[in-house]
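Peer 1: Just so it is clear, I am handing over entry24.pdb, which has PDB, C-alpha atoms and all ligand atoms.
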```pdb
ATOM      1  CA  MET I   1     -23.075 -36.400  27.763  1.00  0.00           C
ATOM      2  CA  GLU I   2     -21.749 -38.078  24.654  1.00  0.00           C
ATOM      3  CA  PRO I   3     -20.586 -41.676  24.923  1.00  0.00           C
ATOM      4  CA  ILE I   4     -16.942 -41.850  25.841  1.00  0.00           C
ATOM      5  CA  MET I   5     -14.417 -44.595  26.393  1.00  0.00           C
ATOM      6  CA  CYS I   6     -11.427 -44.958  28.647  1.00  0.00           C
ATOM      7  CA  PRO I   7      -8.301 -43.515  26.980  1.00  0.00           C
ATOM      8  CA  PHE I   8      -6.134 -46.039  28.822  1.00  0.00           C
ATOM      9  CA  CYS I   9      -7.790 -49.386  28.113  1.00  0.00           C
ATOM     10  CA  GLY I  10     -10.643 -48.519  25.757  1.00  0.00           C
ATOM     11  CA  GLY I  11     -13.207 -49.789  28.201  1.00  0.00           C
ATOM     12  CA  THR I  12     -16.648 -48.279  28.431  1.00  0.00           C
ATOM     13  CA  ASN I  13     -17.375 -49.365  31.979  1.00  0.00           C
ATOM     14  CA  LEU I  14     -17.057 -45.879  33.389  1.00  0.00           C
ATOM     15  CA  PHE I  15     -18.230 -44.156  36.498  1.00  0.00           C
ATOM     16  CA  GLN I  16     -18.918 -40.466  35.967  1.00  0.00           C
ATOM     17  CA  GLU I  17     -18.433 -38.236  38.944  1.00  0.00           C
ATOM     18  CA  ASP I  18     -20.181 -34.932  39.394  1.00  0.00           C
ATOM     19  CA  ASP I  19     -19.291 -32.222  36.927  1.00  0.00           C
ATOM     20  CA  TYR I  20     -17.980 -28.987  38.201  1.00  0.00           C
ATOM     21  CA  SER I  21     -17.712 -25.597  36.572  1.00  0.00           C
ATOM     22  CA  LEU I  22     -15.169 -22.841  36.631  1.00  0.00           C
ATOM     23  CA  GLN I  23     -16.029 -19.290  35.694  1.00  0.00           C
ATOM     24  CA  MET I  24     -13.061 -17.587  34.080  1.00  0.00           C
ATOM     25  CA  ASP I  25     -12.860 -13.992  32.862  1.00  0.00           C
ATOM     26  CA  PHE I  26     -13.950 -14.735  29.316  1.00  0.00           C
ATOM     27  CA  GLU I  27     -14.546 -18.453  29.438  1.00  0.00           C
ATOM     28  CA  TYR I  28     -16.746 -20.891  31.243  1.00  0.00           C
ATOM     29  CA  TRP I  29     -15.155 -24.273  31.915  1.00  0.00           C
ATOM     30  CA  THR I  30     -17.137 -27.394  32.580  1.00  0.00           C
ATOM     31  CA  VAL I  31     -14.997 -30.252  33.866  1.00  0.00           C
ATOM     32  CA  HIS I  32     -16.269 -33.795  33.481  1.00  0.00           C
ATOM     33  CA  HIS I  33     -14.503 -36.475  35.467  1.00  0.00           C
ATOM     34  CA  TRP I  34     -14.666 -40.207  34.909  1.00  0.00           C
ATOM     35  CA  GLU I  35     -13.187 -43.196  36.608  1.00  0.00           C
ATOM     36  CA  CYS I  36     -12.706 -46.372  34.628  1.00  0.00           C
ATOM     37  CA  LEU I  37     -14.028 -49.422  36.445  1.00  0.00           C
ATOM     38  CA  ASP I  38     -11.938 -51.752  34.284  1.00  0.00           C
ATOM     39  CA  CYS I  39      -8.437 -50.381  34.904  1.00  0.00           C
ATOM     40  CA  THR I  40      -9.196 -47.891  37.757  1.00  0.00           C
ATOM     41  CA  GLN I  41      -7.632 -44.989  35.865  1.00  0.00           C
ATOM     42  CA  SER I  42      -9.377 -41.649  36.042  1.00  0.00           C
ATOM     43  CA  PHE I  43      -9.499 -38.989  33.387  1.00  0.00           C
ATOM     44  CA  ASP I  44     -11.040 -35.593  32.744  1.00  0.00           C
ATOM     45  CA  LYS I  45     -12.589 -33.855  29.827  1.00  0.00           C
ATOM     46  CA  ILE I  46     -12.871 -30.093  29.866  1.00  0.00           C
ATOM     47  CA  GLU I  47     -15.385 -28.189  27.805  1.00  0.00           C
ATOM     48  CA  ILE I  48     -14.618 -24.522  27.303  1.00  0.00           C
ATOM     49  CA  LEU I  49     -17.394 -22.178  26.320  1.00  0.00           C
ATOM     50  CA  PRO I  50     -17.064 -18.463  25.699  1.00  0.00           C
ATOM     51  CA  ALA I  51     -18.695 -16.565  28.523  1.00  0.00           C
ATOM     52  CA  SER I  52     -19.332 -13.495  26.441  1.00  0.00           C
ATOM     53  CA  ASN I  53     -22.825 -12.139  26.333  1.00  0.00           C
ATOM     54  CA  THR I  54     -24.173  -9.760  23.750  1.00  0.00           C
ATOM     55  CA  PHE I  55     -24.912  -7.051  26.302  1.00  0.00           C
ATOM     56  CA  GLU I  56     -21.188  -6.996  27.098  1.00  0.00           C
ATOM     57  CA  GLU I  57     -20.265  -5.933  23.584  1.00  0.00           C
ATOM     58  CA  ILE I  58     -18.078  -2.870  23.436  1.00  0.00           C
ATOM     59  CA  ASN I  59     -19.485  -0.182  21.206  1.00  0.00           C
ATOM     60  CA  GLU I  60     -16.312   0.850  19.422  1.00  0.00           C
ATOM     61  CA  SER I  61     -17.443   0.333  15.856  1.00  0.00           C
ATOM     62  CA  THR I  62     -18.518   3.937  15.240  1.00  0.00           C
ATOM     63  CA  ILE I  63     -15.023   5.291  14.592  1.00  0.00           C
ATOM     64  CA  HIS I  64     -14.895   7.083  11.219  1.00  0.00           C
TER      65      HIS I  64
HETATM   66 ZN    ZN U 101      -9.708 -48.178  31.560  1.00  0.00          ZN
END
```
Give the structure from the file, written as structure tokens.

Peer 2:
Amino acid sequence: MEPIMCPFCGGTNLFQEDDYSLQMDFEYWTVHHWECLDCTQSFDKIEILPASNTFEEINESTIH
């Protein structure tokens, strides 16, 4: 994971909890969760990736 700082106090003394993932219809969410050890606030960061795969492509491009 990239270095990140607390959005509340700017501290970098963070405890990262386990990530968890959510599979949506067309997206794949990875949720990162931190707790700041300086001010005890917790915060999340969500990464959203497209879940599309090439084999799922719809072959509709042959209309003339
Ligand atoms: Zn903090």

Peer 1: For segment 18-31 of chain I, find every residue with an atom within 8 Å (counting only C-alpha atoms), except residues of its own chain fewer than 6 positions away, and show them as number ranges by chain.

Peer 2: I: 44-52

Peer 1: Hey, which of I:Glu17, I:Glu35, I:Ser42, I:Cys9 ends up closest to ligand ZN 101 (chain U)? Count all atoms listed in the file.

Peer 2: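 Smallest distance to ligand ZN 101 (chain U) is found for I:Cys9.
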
Peer 1: If the PyMOL selection byres (((chain I and resi 14-16) around 10) and not hetatm) is run on the structure shown, which residues does it catch, given as a ChimeraX atom specification?

Peer 2: /I:4-6,11-13,17-19,32-44
